[in-house]
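File shown: start_3.txt. Contents: compact mmCIF, N, CA and C atoms.
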```txt
# COMPACT_ATOMS: atom_id res chain seq x y z
N MET C 158 -0.23 15.72 6.83
CA MET C 158 -0.86 15.05 5.70
C MET C 158 -2.35 14.91 5.95
N GLU C 159 -3.12 15.04 4.90
CA GLU C 159 -4.56 14.95 5.01
C GLU C 159 -5.01 13.60 5.57
N LEU C 160 -4.41 12.54 5.10
CA LEU C 160 -4.83 11.20 5.50
C LEU C 160 -4.68 11.02 7.00
N PHE C 161 -3.58 11.48 7.55
CA PHE C 161 -3.35 11.36 8.99
C PHE C 161 -4.49 12.02 9.77
N ASP C 162 -4.81 13.25 9.41
CA ASP C 162 -5.87 13.99 10.10
C ASP C 162 -7.23 13.32 9.91
N LYS C 163 -7.47 12.83 8.72
CA LYS C 163 -8.74 12.15 8.42
C LYS C 163 -8.93 10.93 9.33
N LEU C 164 -7.88 10.13 9.49
CA LEU C 164 -7.98 8.94 10.33
C LEU C 164 -8.04 9.31 11.81
N ALA C 165 -7.24 10.29 12.21
CA ALA C 165 -7.27 10.73 13.61
C ALA C 165 -8.64 11.28 13.98
N ASP C 166 -9.28 11.99 13.06
CA ASP C 166 -10.62 12.53 13.31
C ASP C 166 -11.65 11.43 13.48
N ARG C 167 -11.36 10.25 12.94
CA ARG C 167 -12.27 9.10 13.09
C ARG C 167 -11.95 8.30 14.35
N ASN C 168 -11.10 8.86 15.19
CA ASN C 168 -10.67 8.21 16.44
C ASN C 168 -9.92 6.90 16.20
N ILE C 169 -9.25 6.82 15.06
CA ILE C 169 -8.37 5.70 14.78
C ILE C 169 -7.03 6.04 15.40
N LYS C 170 -6.47 5.13 16.18
CA LYS C 170 -5.20 5.39 16.86
C LYS C 170 -4.07 5.32 15.84
N ILE C 171 -3.54 6.48 15.52
CA ILE C 171 -2.54 6.59 14.46
C ILE C 171 -1.38 7.45 14.95
N SER C 172 -0.18 7.06 14.58
CA SER C 172 1.00 7.85 14.94
C SER C 172 1.93 7.93 13.74
N LYS C 173 2.69 9.01 13.70
CA LYS C 173 3.65 9.21 12.61
C LYS C 173 4.96 8.53 12.97
N GLN C 174 5.54 7.86 11.99
CA GLN C 174 6.82 7.17 12.13
C GLN C 174 7.74 7.71 11.04
N PRO C 175 8.26 8.93 11.22
CA PRO C 175 9.02 9.56 10.14
C PRO C 175 10.30 8.81 9.79
N GLY C 176 10.61 8.86 8.49
CA GLY C 176 11.88 8.32 8.03
C GLY C 176 11.95 6.83 7.81
N PHE C 177 10.85 6.12 7.93
CA PHE C 177 10.88 4.67 7.77
C PHE C 177 10.33 4.20 6.42
N GLY C 178 9.96 5.13 5.56
CA GLY C 178 9.37 4.76 4.28
C GLY C 178 10.26 3.87 3.44
N ALA C 179 11.52 4.23 3.30
CA ALA C 179 12.44 3.45 2.46
C ALA C 179 12.60 2.04 3.01
N LYS C 180 12.70 1.92 4.31
CA LYS C 180 12.85 0.60 4.94
C LYS C 180 11.61 -0.27 4.70
N LEU C 181 10.42 0.32 4.84
CA LEU C 181 9.20 -0.46 4.61
C LEU C 181 9.02 -0.81 3.15
N ARG C 182 9.36 0.11 2.24
CA ARG C 182 9.28 -0.21 0.82
C ARG C 182 10.22 -1.36 0.47
N GLN C 183 11.42 -1.35 1.03
CA GLN C 183 12.37 -2.42 0.77
C GLN C 183 11.84 -3.76 1.31
N HIS C 184 11.30 -3.75 2.51
CA HIS C 184 10.78 -5.00 3.07
C HIS C 184 9.56 -5.47 2.28
N TRP C 185 8.70 -4.54 1.87
CA TRP C 185 7.54 -4.89 1.05
C TRP C 185 8.01 -5.58 -0.22
N GLU C 186 9.04 -5.02 -0.86
CA GLU C 186 9.58 -5.63 -2.08
C GLU C 186 10.09 -7.04 -1.82
N GLU C 187 10.81 -7.23 -0.73
CA GLU C 187 11.33 -8.55 -0.39
C GLU C 187 10.20 -9.56 -0.21
N VAL C 188 9.12 -9.14 0.44
CA VAL C 188 8.02 -10.06 0.74
C VAL C 188 7.14 -10.31 -0.47
N PHE C 189 6.74 -9.25 -1.18
CA PHE C 189 5.73 -9.39 -2.23
C PHE C 189 6.31 -9.44 -3.65
N ALA C 190 7.58 -9.09 -3.82
CA ALA C 190 8.20 -9.17 -5.14
C ALA C 190 9.54 -9.90 -5.09
N GLY C 191 9.84 -10.53 -3.98
CA GLY C 191 11.11 -11.22 -3.81
C GLY C 191 11.30 -12.42 -4.72
N HIS C 192 10.23 -12.93 -5.28
CA HIS C 192 10.31 -14.08 -6.17
C HIS C 192 10.75 -13.69 -7.59
N LEU C 193 10.80 -12.40 -7.88
CA LEU C 193 11.17 -11.94 -9.21
C LEU C 193 12.69 -11.81 -9.35
N THR C 194 13.17 -12.05 -10.55
CA THR C 194 14.58 -11.82 -10.83
C THR C 194 14.80 -10.32 -11.02
N ALA C 195 16.06 -9.91 -11.01
CA ALA C 195 16.39 -8.50 -11.25
C ALA C 195 15.89 -8.05 -12.62
N GLU C 196 16.00 -8.94 -13.60
CA GLU C 196 15.54 -8.61 -14.95
C GLU C 196 14.03 -8.44 -14.99
N GLU C 197 13.31 -9.32 -14.31
CA GLU C 197 11.85 -9.20 -14.27
C GLU C 197 11.43 -7.90 -13.59
N LYS C 198 12.11 -7.55 -12.52
CA LYS C 198 11.80 -6.29 -11.83
C LYS C 198 12.03 -5.10 -12.75
N GLN C 199 13.09 -5.16 -13.53
CA GLN C 199 13.36 -4.08 -14.48
C GLN C 199 12.28 -4.04 -15.56
N ASN C 200 11.88 -5.20 -16.07
CA ASN C 200 10.89 -5.27 -17.14
C ASN C 200 9.52 -4.75 -16.74
N ILE C 201 9.18 -4.85 -15.46
CA ILE C 201 7.87 -4.35 -15.01
C ILE C 201 7.97 -2.96 -14.38
N HIS C 202 9.13 -2.35 -14.51
CA HIS C 202 9.33 -0.98 -14.02
C HIS C 202 9.06 -0.87 -12.52
N LEU C 203 9.63 -1.80 -11.78
CA LEU C 203 9.46 -1.79 -10.33
C LEU C 203 10.21 -0.61 -9.71
N TYR C 204 11.29 -0.20 -10.35
CA TYR C 204 12.12 0.87 -9.80
C TYR C 204 11.98 2.15 -10.61
N ASP C 205 12.20 3.25 -9.95
CA ASP C 205 12.22 4.56 -10.58
C ASP C 205 13.55 4.72 -11.31
N ILE C 206 13.50 4.93 -12.61
CA ILE C 206 14.72 5.11 -13.39
C ILE C 206 14.62 6.46 -14.09
N ASN C 207 15.48 7.37 -13.70
CA ASN C 207 15.51 8.71 -14.28
C ASN C 207 14.16 9.41 -14.19
N GLY C 208 13.46 9.20 -13.09
CA GLY C 208 12.19 9.89 -12.86
C GLY C 208 10.99 9.30 -13.55
N ALA C 209 11.12 8.12 -14.15
CA ALA C 209 10.00 7.51 -14.86
C ALA C 209 9.71 6.13 -14.29
N GLY C 210 8.44 5.77 -14.29
CA GLY C 210 8.03 4.44 -13.82
C GLY C 210 8.25 4.30 -12.34
N GLY C 211 8.58 3.10 -11.94
CA GLY C 211 8.97 2.86 -10.57
C GLY C 211 7.85 2.78 -9.57
N TYR C 212 7.05 1.74 -9.63
CA TYR C 212 5.99 1.51 -8.65
C TYR C 212 6.04 0.07 -8.20
N LEU C 213 6.09 -0.13 -6.90
CA LEU C 213 6.10 -1.49 -6.36
C LEU C 213 4.85 -2.25 -6.77
N TRP C 214 3.72 -1.55 -6.88
CA TRP C 214 2.47 -2.23 -7.21
C TRP C 214 2.46 -2.78 -8.63
N HIS C 215 3.47 -2.47 -9.43
CA HIS C 215 3.55 -3.07 -10.76
C HIS C 215 3.65 -4.60 -10.69
N VAL C 216 4.09 -5.13 -9.56
CA VAL C 216 4.12 -6.59 -9.40
C VAL C 216 2.71 -7.16 -9.58
N PHE C 217 1.70 -6.39 -9.23
CA PHE C 217 0.31 -6.82 -9.40
C PHE C 217 -0.22 -6.46 -10.79
N SER C 218 0.02 -5.23 -11.23
CA SER C 218 -0.56 -4.79 -12.50
C SER C 218 0.02 -5.55 -13.69
N TYR C 219 1.23 -6.06 -13.55
CA TYR C 219 1.83 -6.87 -14.62
C TYR C 219 1.55 -8.37 -14.42
N GLY C 220 0.73 -8.72 -13.45
CA GLY C 220 0.35 -10.11 -13.24
C GLY C 220 1.45 -11.00 -12.71
N MET C 221 2.41 -10.43 -12.01
CA MET C 221 3.55 -11.20 -11.52
C MET C 221 3.32 -11.76 -10.12
N ARG C 222 2.19 -11.44 -9.52
CA ARG C 222 1.84 -11.98 -8.20
C ARG C 222 0.32 -12.04 -8.12
N ASP C 223 -0.18 -13.13 -7.54
CA ASP C 223 -1.63 -13.28 -7.37
C ASP C 223 -2.16 -12.21 -6.44
N CYS C 224 -3.33 -11.69 -6.80
CA CYS C 224 -3.95 -10.68 -5.96
C CYS C 224 -5.43 -10.56 -6.31
N LEU C 225 -6.15 -9.94 -5.42
CA LEU C 225 -7.52 -9.53 -5.70
C LEU C 225 -7.45 -8.10 -6.22
N VAL C 226 -8.42 -7.73 -7.05
CA VAL C 226 -8.39 -6.43 -7.70
C VAL C 226 -9.74 -5.73 -7.51
N GLU C 227 -9.69 -4.42 -7.47
CA GLU C 227 -10.84 -3.53 -7.43
C GLU C 227 -11.76 -3.85 -6.26
N THR C 228 -13.04 -4.06 -6.51
CA THR C 228 -14.01 -4.25 -5.43
C THR C 228 -13.67 -5.46 -4.57
N GLU C 229 -13.20 -6.54 -5.18
CA GLU C 229 -12.82 -7.72 -4.39
C GLU C 229 -11.67 -7.39 -3.45
N ALA C 230 -10.73 -6.58 -3.90
CA ALA C 230 -9.60 -6.17 -3.05
C ALA C 230 -10.09 -5.33 -1.89
N GLU C 231 -10.97 -4.39 -2.17
CA GLU C 231 -11.51 -3.53 -1.11
C GLU C 231 -12.29 -4.35 -0.08
N MET C 232 -13.09 -5.28 -0.56
CA MET C 232 -13.87 -6.12 0.36
C MET C 232 -12.95 -6.97 1.22
N ALA C 233 -11.91 -7.55 0.64
CA ALA C 233 -10.97 -8.37 1.41
C ALA C 233 -10.28 -7.52 2.47
N PHE C 234 -9.87 -6.33 2.10
CA PHE C 234 -9.22 -5.43 3.07
C PHE C 234 -10.18 -5.06 4.19
N ASP C 235 -11.40 -4.71 3.83
CA ASP C 235 -12.39 -4.31 4.85
C ASP C 235 -12.67 -5.44 5.83
N LYS C 236 -12.66 -6.68 5.35
CA LYS C 236 -12.97 -7.84 6.20
C LYS C 236 -11.77 -8.32 7.01
N GLU C 237 -10.58 -7.88 6.63
CA GLU C 237 -9.36 -8.35 7.29
C GLU C 237 -9.34 -7.91 8.75
N GLU C 238 -8.92 -8.81 9.63
CA GLU C 238 -8.74 -8.48 11.05
C GLU C 238 -7.47 -7.64 11.18
N LYS C 239 -7.66 -6.36 11.33
CA LYS C 239 -6.52 -5.43 11.34
C LYS C 239 -6.27 -4.95 12.76
N GLU C 240 -5.28 -5.54 13.42
CA GLU C 240 -4.94 -5.09 14.77
C GLU C 240 -3.93 -3.95 14.71
N CYS C 241 -2.82 -4.19 14.07
CA CYS C 241 -1.78 -3.18 13.93
C CYS C 241 -1.28 -3.22 12.49
N CYS C 242 -1.22 -2.07 11.86
CA CYS C 242 -0.72 -2.04 10.49
C CYS C 242 0.05 -0.76 10.24
N TYR C 243 0.74 -0.76 9.12
CA TYR C 243 1.51 0.40 8.69
C TYR C 243 0.96 0.89 7.36
N ILE C 244 0.93 2.20 7.22
CA ILE C 244 0.57 2.85 5.97
C ILE C 244 1.80 3.60 5.50
N PHE C 245 2.21 3.33 4.26
CA PHE C 245 3.35 4.06 3.70
C PHE C 245 3.08 4.36 2.25
N PHE C 246 3.96 5.13 1.65
CA PHE C 246 3.70 5.71 0.35
C PHE C 246 4.86 5.43 -0.61
N GLN C 247 4.55 5.44 -1.90
CA GLN C 247 5.57 5.15 -2.91
C GLN C 247 6.67 6.20 -2.94
N HIS C 248 6.31 7.46 -2.85
CA HIS C 248 7.28 8.52 -3.11
C HIS C 248 7.54 9.45 -1.93
N CYS C 249 7.33 8.98 -0.72
CA CYS C 249 7.71 9.79 0.44
C CYS C 249 8.06 8.86 1.59
N ASP C 250 8.85 9.36 2.51
CA ASP C 250 9.35 8.51 3.59
C ASP C 250 8.47 8.52 4.83
N GLY C 251 7.35 9.21 4.77
CA GLY C 251 6.43 9.21 5.90
C GLY C 251 5.77 7.85 6.06
N VAL C 252 5.57 7.45 7.30
CA VAL C 252 4.90 6.18 7.62
C VAL C 252 3.94 6.46 8.76
N PHE C 253 2.77 5.85 8.69
CA PHE C 253 1.81 5.91 9.78
C PHE C 253 1.68 4.52 10.38
N LYS C 254 1.71 4.46 11.69
CA LYS C 254 1.42 3.22 12.40
C LYS C 254 0.00 3.33 12.92
N VAL C 255 -0.82 2.34 12.60
CA VAL C 255 -2.21 2.35 13.01
C VAL C 255 -2.42 1.17 13.96
N GLU C 256 -2.83 1.48 15.18
CA GLU C 256 -3.08 0.45 16.18
C GLU C 256 -4.59 0.31 16.37
N ASN C 257 -5.01 -0.88 16.75
CA ASN C 257 -6.44 -1.16 16.86
C ASN C 257 -7.14 -0.70 15.57
N ALA C 258 -6.62 -1.17 14.46
CA ALA C 258 -7.03 -0.69 13.14
C ALA C 258 -8.27 -1.40 12.60
N PHE C 259 -9.02 -2.03 13.47
CA PHE C 259 -10.17 -2.82 13.03
C PHE C 259 -11.16 -2.01 12.21
N SER C 260 -11.30 -0.73 12.50
CA SER C 260 -12.28 0.10 11.79
C SER C 260 -11.71 0.76 10.54
N LEU C 261 -10.44 0.55 10.23
CA LEU C 261 -9.84 1.11 9.02
C LEU C 261 -10.43 0.42 7.80
N LYS C 262 -10.96 1.21 6.88
CA LYS C 262 -11.61 0.67 5.68
C LYS C 262 -10.97 1.23 4.42
N ALA C 263 -11.22 0.57 3.32
CA ALA C 263 -10.67 1.00 2.03
C ALA C 263 -11.08 2.44 1.72
N ARG C 264 -12.30 2.80 2.02
CA ARG C 264 -12.79 4.15 1.71
C ARG C 264 -12.03 5.23 2.48
N ASP C 265 -11.38 4.86 3.57
CA ASP C 265 -10.60 5.83 4.35
C ASP C 265 -9.32 6.26 3.65
N LEU C 266 -8.91 5.52 2.67
CA LEU C 266 -7.59 5.74 2.06
C LEU C 266 -7.65 6.63 0.83
N THR C 267 -8.51 7.61 0.86
CA THR C 267 -8.60 8.59 -0.21
C THR C 267 -8.34 9.96 0.37
N ALA C 268 -7.82 10.84 -0.46
CA ALA C 268 -7.59 12.22 -0.02
C ALA C 268 -8.92 12.95 0.04
N GLU C 269 -8.95 14.04 0.76
CA GLU C 269 -10.16 14.84 0.91
C GLU C 269 -10.74 15.23 -0.44
N ASN C 270 -9.88 15.51 -1.40
CA ASN C 270 -10.34 15.97 -2.70
C ASN C 270 -10.67 14.82 -3.65
N GLY C 271 -10.63 13.60 -3.15
CA GLY C 271 -11.00 12.44 -3.96
C GLY C 271 -9.87 11.86 -4.78
N LYS C 272 -8.71 12.49 -4.77
CA LYS C 272 -7.58 11.96 -5.52
C LYS C 272 -6.95 10.82 -4.73
N TYR C 273 -6.32 9.94 -5.45
CA TYR C 273 -5.67 8.80 -4.82
C TYR C 273 -4.17 8.92 -4.97
N ALA C 274 -3.46 8.46 -3.98
CA ALA C 274 -2.00 8.41 -4.04
C ALA C 274 -1.59 6.95 -4.12
N ASP C 275 -0.32 6.71 -4.14
CA ASP C 275 0.17 5.33 -4.14
C ASP C 275 0.41 4.95 -2.69
N ILE C 276 -0.64 4.38 -2.10
CA ILE C 276 -0.67 4.06 -0.67
C ILE C 276 -0.57 2.56 -0.49
N TYR C 277 0.32 2.15 0.41
CA TYR C 277 0.52 0.74 0.74
C TYR C 277 0.14 0.55 2.20
N VAL C 278 -0.66 -0.47 2.46
CA VAL C 278 -1.01 -0.83 3.84
C VAL C 278 -0.57 -2.27 4.03
N VAL C 279 0.10 -2.53 5.15
CA VAL C 279 0.52 -3.89 5.49
C VAL C 279 0.24 -4.12 6.96
N ASP C 280 -0.05 -5.37 7.31
CA ASP C 280 -0.12 -5.67 8.74
C ASP C 280 1.30 -5.67 9.28
N HIS C 281 1.44 -5.61 10.57
CA HIS C 281 2.78 -5.43 11.16
C HIS C 281 3.73 -6.59 10.88
N GLU C 282 3.22 -7.73 10.44
CA GLU C 282 4.08 -8.87 10.09
C GLU C 282 4.18 -9.09 8.58
N PHE C 283 3.62 -8.18 7.81
CA PHE C 283 3.66 -8.26 6.34
C PHE C 283 3.01 -9.55 5.83
N ASN C 284 1.94 -9.98 6.47
CA ASN C 284 1.20 -11.15 6.01
C ASN C 284 0.29 -10.82 4.83
N TRP C 285 -0.12 -9.57 4.72
CA TRP C 285 -0.99 -9.13 3.63
C TRP C 285 -0.68 -7.67 3.31
N THR C 286 -1.12 -7.25 2.14
CA THR C 286 -0.98 -5.86 1.74
C THR C 286 -2.21 -5.42 0.97
N PHE C 287 -2.52 -4.16 1.11
CA PHE C 287 -3.59 -3.50 0.35
C PHE C 287 -2.96 -2.26 -0.27
N VAL C 288 -3.13 -2.09 -1.57
CA VAL C 288 -2.49 -0.99 -2.28
C VAL C 288 -3.53 -0.20 -3.07
N VAL C 289 -3.52 1.11 -2.86
CA VAL C 289 -4.35 2.02 -3.63
C VAL C 289 -3.42 2.80 -4.55
N THR C 290 -3.65 2.72 -5.85
CA THR C 290 -2.76 3.36 -6.81
C THR C 290 -3.30 4.73 -7.23
N HIS C 291 -2.43 5.50 -7.85
CA HIS C 291 -2.87 6.78 -8.42
C HIS C 291 -3.66 6.55 -9.71
N GLU C 292 -3.73 5.32 -10.17
CA GLU C 292 -4.45 4.96 -11.39
C GLU C 292 -5.83 4.40 -11.08
N ARG C 293 -6.39 4.78 -9.95
CA ARG C 293 -7.69 4.30 -9.49
C ARG C 293 -8.71 4.38 -10.64
N GLY C 294 -9.46 3.30 -10.81
CA GLY C 294 -10.42 3.23 -11.89
C GLY C 294 -9.84 2.57 -13.13
N TRP C 295 -8.53 2.44 -13.16
CA TRP C 295 -7.85 1.79 -14.27
C TRP C 295 -7.01 0.64 -13.75
N LEU C 296 -6.21 0.90 -12.71
CA LEU C 296 -5.35 -0.13 -12.11
C LEU C 296 -5.51 -0.10 -10.59
N GLY C 297 -5.87 -1.24 -10.04
CA GLY C 297 -6.02 -1.34 -8.58
C GLY C 297 -7.39 -0.90 -8.13
N PRO C 298 -7.59 -0.89 -6.84
CA PRO C 298 -6.65 -1.30 -5.80
C PRO C 298 -6.39 -2.80 -5.82
N TYR C 299 -5.36 -3.19 -5.07
CA TYR C 299 -4.93 -4.59 -5.01
C TYR C 299 -4.87 -5.06 -3.56
N PHE C 300 -5.18 -6.35 -3.37
CA PHE C 300 -5.02 -6.98 -2.06
C PHE C 300 -4.33 -8.32 -2.30
N SER C 301 -3.30 -8.59 -1.51
CA SER C 301 -2.57 -9.84 -1.67
C SER C 301 -2.07 -10.33 -0.32
N ARG C 302 -1.89 -11.63 -0.24
CA ARG C 302 -1.32 -12.25 0.96
C ARG C 302 0.08 -12.76 0.66
N LYS C 303 0.87 -12.88 1.72
CA LYS C 303 2.24 -13.38 1.62
C LYS C 303 2.25 -14.77 1.02
```

Please express the file's structure as structure tokens.
Amino acid sequence: MELFDKLADRNIKISKQPGFGAKLRQHWEEVFAGHLTAEEKQNIHLYDINGAGGYLWHVFSYGMRDCLVETEAEMAFDKEEKECCYIFFQHCDGVFKVENAFSLKARDLTAENGKYADIYVVDHEFNWTFVVTHERGWLGPYFSRK
């Protein structure tokens, strides 16, 4: 993946943790969307149904959880003391573990070609999350605390 190489080239200590994406997405949902009922989750299209919708970050875009947005979100993420964190994605099971992540910045979470994916970053205890959406410039990024 481009992002892995981009971070490794910056001497950020990063390792691949294959196959843990589903587990991290489930835990992220429990922590950041666990207060929602099943009906509320359905109404905000939290889940993929027949190939449509289905983004965990809808908890923020639908105003169902407090968060910082856009530049404020990026600034909060950049200032966060990041010792160890995980990077995972909405639609793939790849996970990156980033250690000594102090130098990881919001600007690092873009693809080489400038496109954005649905990227979730959490500290290893899920105390906070930073999310970059594919709707950059319209929705997100978002930063929220537990």

What does the distance between CA of Glu227 in chain C and CA of Gly297 in chain C come to in Å, to one decimal place? 5.4 Å

If you run DSSP on the backbone here, which positions in range 196-292 of chain C get helix (DSSP H, G or I)? Please write them as a list in words.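 Those in range 196-292 of chain C that DSSP calls helix (DSSP H, G or I) are Glu196, Glu197, Lys198, Gln199, Asn200, His215, Val216, Phe217, Ser218, Glu227, Thr228, Glu229, Ala230, Glu231, Met232, Ala233, Phe234, Asp235, Lys236, Ala258, Phe259, Ser260, Ala263, Arg264, Asp265 and Leu266 of chain C.
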
Just-selected residues, N, CA and C atoms written as a PDB file, in the coordinates of the input:
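Contents of part-v7.pdb, as written:
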```pdb
ATOM      1  N   GLU C 196      16.000  -8.940 -13.600  1.00  0.00           N
ATOM      2  CA  GLU C 196      15.540  -8.610 -14.950  1.00  0.00           C
ATOM      3  C   GLU C 196      14.030  -8.440 -14.990  1.00  0.00           C
ATOM      4  N   GLU C 197      13.310  -9.320 -14.310  1.00  0.00           N
ATOM      5  CA  GLU C 197      11.850  -9.200 -14.270  1.00  0.00           C
ATOM      6  C   GLU C 197      11.430  -7.900 -13.590  1.00  0.00           C
ATOM      7  N   LYS C 198      12.110  -7.550 -12.520  1.00  0.00           N
ATOM      8  CA  LYS C 198      11.800  -6.290 -11.830  1.00  0.00           C
ATOM      9  C   LYS C 198      12.030  -5.100 -12.750  1.00  0.00           C
ATOM     10  N   GLN C 199      13.090  -5.160 -13.530  1.00  0.00           N
ATOM     11  CA  GLN C 199      13.360  -4.080 -14.480  1.00  0.00           C
ATOM     12  C   GLN C 199      12.280  -4.040 -15.560  1.00  0.00           C
ATOM     13  N   ASN C 200      11.880  -5.200 -16.070  1.00  0.00           N
ATOM     14  CA  ASN C 200      10.890  -5.270 -17.140  1.00  0.00           C
ATOM     15  C   ASN C 200       9.520  -4.750 -16.740  1.00  0.00           C
ATOM     16  N   HIS C 215       3.470  -2.470  -9.430  1.00  0.00           N
ATOM     17  CA  HIS C 215       3.550  -3.070 -10.760  1.00  0.00           C
ATOM     18  C   HIS C 215       3.650  -4.600 -10.690  1.00  0.00           C
ATOM     19  N   VAL C 216       4.090  -5.130  -9.560  1.00  0.00           N
ATOM     20  CA  VAL C 216       4.120  -6.590  -9.400  1.00  0.00           C
ATOM     21  C   VAL C 216       2.710  -7.160  -9.580  1.00  0.00           C
ATOM     22  N   PHE C 217       1.700  -6.390  -9.230  1.00  0.00           N
ATOM     23  CA  PHE C 217       0.310  -6.820  -9.400  1.00  0.00           C
ATOM     24  C   PHE C 217      -0.220  -6.460 -10.790  1.00  0.00           C
ATOM     25  N   SER C 218       0.020  -5.230 -11.230  1.00  0.00           N
ATOM     26  CA  SER C 218      -0.560  -4.790 -12.500  1.00  0.00           C
ATOM     27  C   SER C 218       0.020  -5.550 -13.690  1.00  0.00           C
ATOM     28  N   GLU C 227      -9.690  -4.420  -7.470  1.00  0.00           N
ATOM     29  CA  GLU C 227     -10.840  -3.530  -7.430  1.00  0.00           C
ATOM     30  C   GLU C 227     -11.760  -3.850  -6.260  1.00  0.00           C
ATOM     31  N   THR C 228     -13.040  -4.060  -6.510  1.00  0.00           N
ATOM     32  CA  THR C 228     -14.010  -4.250  -5.430  1.00  0.00           C
ATOM     33  C   THR C 228     -13.670  -5.460  -4.570  1.00  0.00           C
ATOM     34  N   GLU C 229     -13.200  -6.540  -5.180  1.00  0.00           N
ATOM     35  CA  GLU C 229     -12.820  -7.720  -4.390  1.00  0.00           C
ATOM     36  C   GLU C 229     -11.670  -7.390  -3.450  1.00  0.00           C
ATOM     37  N   ALA C 230     -10.730  -6.580  -3.900  1.00  0.00           N
ATOM     38  CA  ALA C 230      -9.600  -6.170  -3.050  1.00  0.00           C
ATOM     39  C   ALA C 230     -10.090  -5.330  -1.890  1.00  0.00           C
ATOM     40  N   GLU C 231     -10.970  -4.390  -2.170  1.00  0.00           N
ATOM     41  CA  GLU C 231     -11.510  -3.530  -1.110  1.00  0.00           C
ATOM     42  C   GLU C 231     -12.290  -4.350  -0.080  1.00  0.00           C
ATOM     43  N   MET C 232     -13.090  -5.280  -0.560  1.00  0.00           N
ATOM     44  CA  MET C 232     -13.870  -6.120   0.360  1.00  0.00           C
ATOM     45  C   MET C 232     -12.950  -6.970   1.220  1.00  0.00           C
ATOM     46  N   ALA C 233     -11.910  -7.550   0.640  1.00  0.00           N
ATOM     47  CA  ALA C 233     -10.970  -8.370   1.410  1.00  0.00           C
ATOM     48  C   ALA C 233     -10.280  -7.520   2.470  1.00  0.00           C
ATOM     49  N   PHE C 234      -9.870  -6.330   2.100  1.00  0.00           N
ATOM     50  CA  PHE C 234      -9.220  -5.430   3.070  1.00  0.00           C
ATOM     51  C   PHE C 234     -10.180  -5.060   4.190  1.00  0.00           C
ATOM     52  N   ASP C 235     -11.400  -4.710   3.830  1.00  0.00           N
ATOM     53  CA  ASP C 235     -12.390  -4.310   4.850  1.00  0.00           C
ATOM     54  C   ASP C 235     -12.670  -5.440   5.830  1.00  0.00           C
ATOM     55  N   LYS C 236     -12.660  -6.680   5.350  1.00  0.00           N
ATOM     56  CA  LYS C 236     -12.970  -7.840   6.200  1.00  0.00           C
ATOM     57  C   LYS C 236     -11.770  -8.320   7.010  1.00  0.00           C
ATOM     58  N   ALA C 258      -6.620  -1.170  14.460  1.00  0.00           N
ATOM     59  CA  ALA C 258      -7.030  -0.690  13.140  1.00  0.00           C
ATOM     60  C   ALA C 258      -8.270  -1.400  12.600  1.00  0.00           C
ATOM     61  N   PHE C 259      -9.020  -2.030  13.470  1.00  0.00           N
ATOM     62  CA  PHE C 259     -10.170  -2.820  13.030  1.00  0.00           C
ATOM     63  C   PHE C 259     -11.160  -2.010  12.210  1.00  0.00           C
ATOM     64  N   SER C 260     -11.300  -0.730  12.500  1.00  0.00           N
ATOM     65  CA  SER C 260     -12.280   0.100  11.790  1.00  0.00           C
ATOM     66  C   SER C 260     -11.710   0.760  10.540  1.00  0.00           C
ATOM     67  N   ALA C 263     -11.220   0.570   3.320  1.00  0.00           N
ATOM     68  CA  ALA C 263     -10.670   1.000   2.030  1.00  0.00           C
ATOM     69  C   ALA C 263     -11.080   2.440   1.720  1.00  0.00           C
ATOM     70  N   ARG C 264     -12.300   2.800   2.020  1.00  0.00           N
ATOM     71  CA  ARG C 264     -12.790   4.150   1.710  1.00  0.00           C
ATOM     72  C   ARG C 264     -12.030   5.230   2.480  1.00  0.00           C
ATOM     73  N   ASP C 265     -11.380   4.860   3.570  1.00  0.00           N
ATOM     74  CA  ASP C 265     -10.600   5.830   4.350  1.00  0.00           C
ATOM     75  C   ASP C 265      -9.320   6.260   3.650  1.00  0.00           C
ATOM     76  N   LEU C 266      -8.910   5.520   2.670  1.00  0.00           N
ATOM     77  CA  LEU C 266      -7.590   5.740   2.060  1.00  0.00           C
ATOM     78  C   LEU C 266      -7.650   6.630   0.830  1.00  0.00           C
TER      79      LEU C 266
END
```

Give me, as a PyMOL selection string, all polymer residues having an atom no more than 6 Å from range 259-264 of chain C, counting only N, CA and C atoms and skipping those fewer than 5 positions away in the same chain. chain C and resi 231+234-235+238-240

Smallest atom-to-atom distance to Asp162 in chain C: which of C:Met232, C:Ala274, C:Leu266, C:Ala258, using only C-alpha atoms?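 For Asp162 in chain C, the nearest of the given residues is C:Leu266.
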
Counting only N, CA and C atoms, find the residues whose atoms lie at most 8 Å from (1.2, -0.9, 8.3) (file coordinates) and write them out as a list in words.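 Using only N, CA and C atoms, the matching residues come out as Cys241, Cys242, Tyr243, Ile244, Phe245, Val252, Phe253, Lys254, Val255, Tyr277, Val278, Val279, Asp280, His281, Glu282 and Phe283 of chain C.
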
Do a neighbour search on Cys249 in chain C at 8 Å with all atoms listed in the file, toss out local chain neighbours closer than 4 positions, and write the hits as a list in words.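 In the requested format, the answer is Gly176, Phe177, Gly178, Ala179 and Phe245 of chain C.
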
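Nearest to Asn257 in chain C of all the residues C:Ala165, C:Lys170, C:Glu159, C:Phe287 is C:Lys170, based on only N, CA and C atoms.
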
Atom-to-atom span, CA of Arg293 in chain C and CA of Asp275 in chain C, Å: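 Atom-to-atom, CA of Arg293 in chain C to CA of Asp275 in chain C, that is 9.6 Å.
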
Please write as number ranges by chain the list of polymer residues whose atoms come within 6 Å of (4.1, -5.2, -14.6), counting only N, CA and C atoms and keeping to the coordinates of the file. C: 200-202, 215-220

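Among C:Glu186, C:Leu225, C:Gln199, C:Thr267, the residue with the shortest atom-to-atom distance to Leu160 in chain C, counting all atoms listed in the file, is C:Thr267.
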
One decimal, Å: what's the distance from atom N of Lys180 in chain C over to atom N of Ala233 in chain C, could you say?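 It comes out at 26.6 Å.
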
Find, counting only C-alpha atoms, the residue in C:His291, C:His192, C:His248, C:Arg302 that gets nearest to Tyr204 in chain C. C:His248

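For the set C:Asp265, C:Gly251, C:Lys303, C:Phe189, the residue with the smallest atom-to-atom gap to Pro175 in chain C is C:Gly251, counting all atoms listed in the file.
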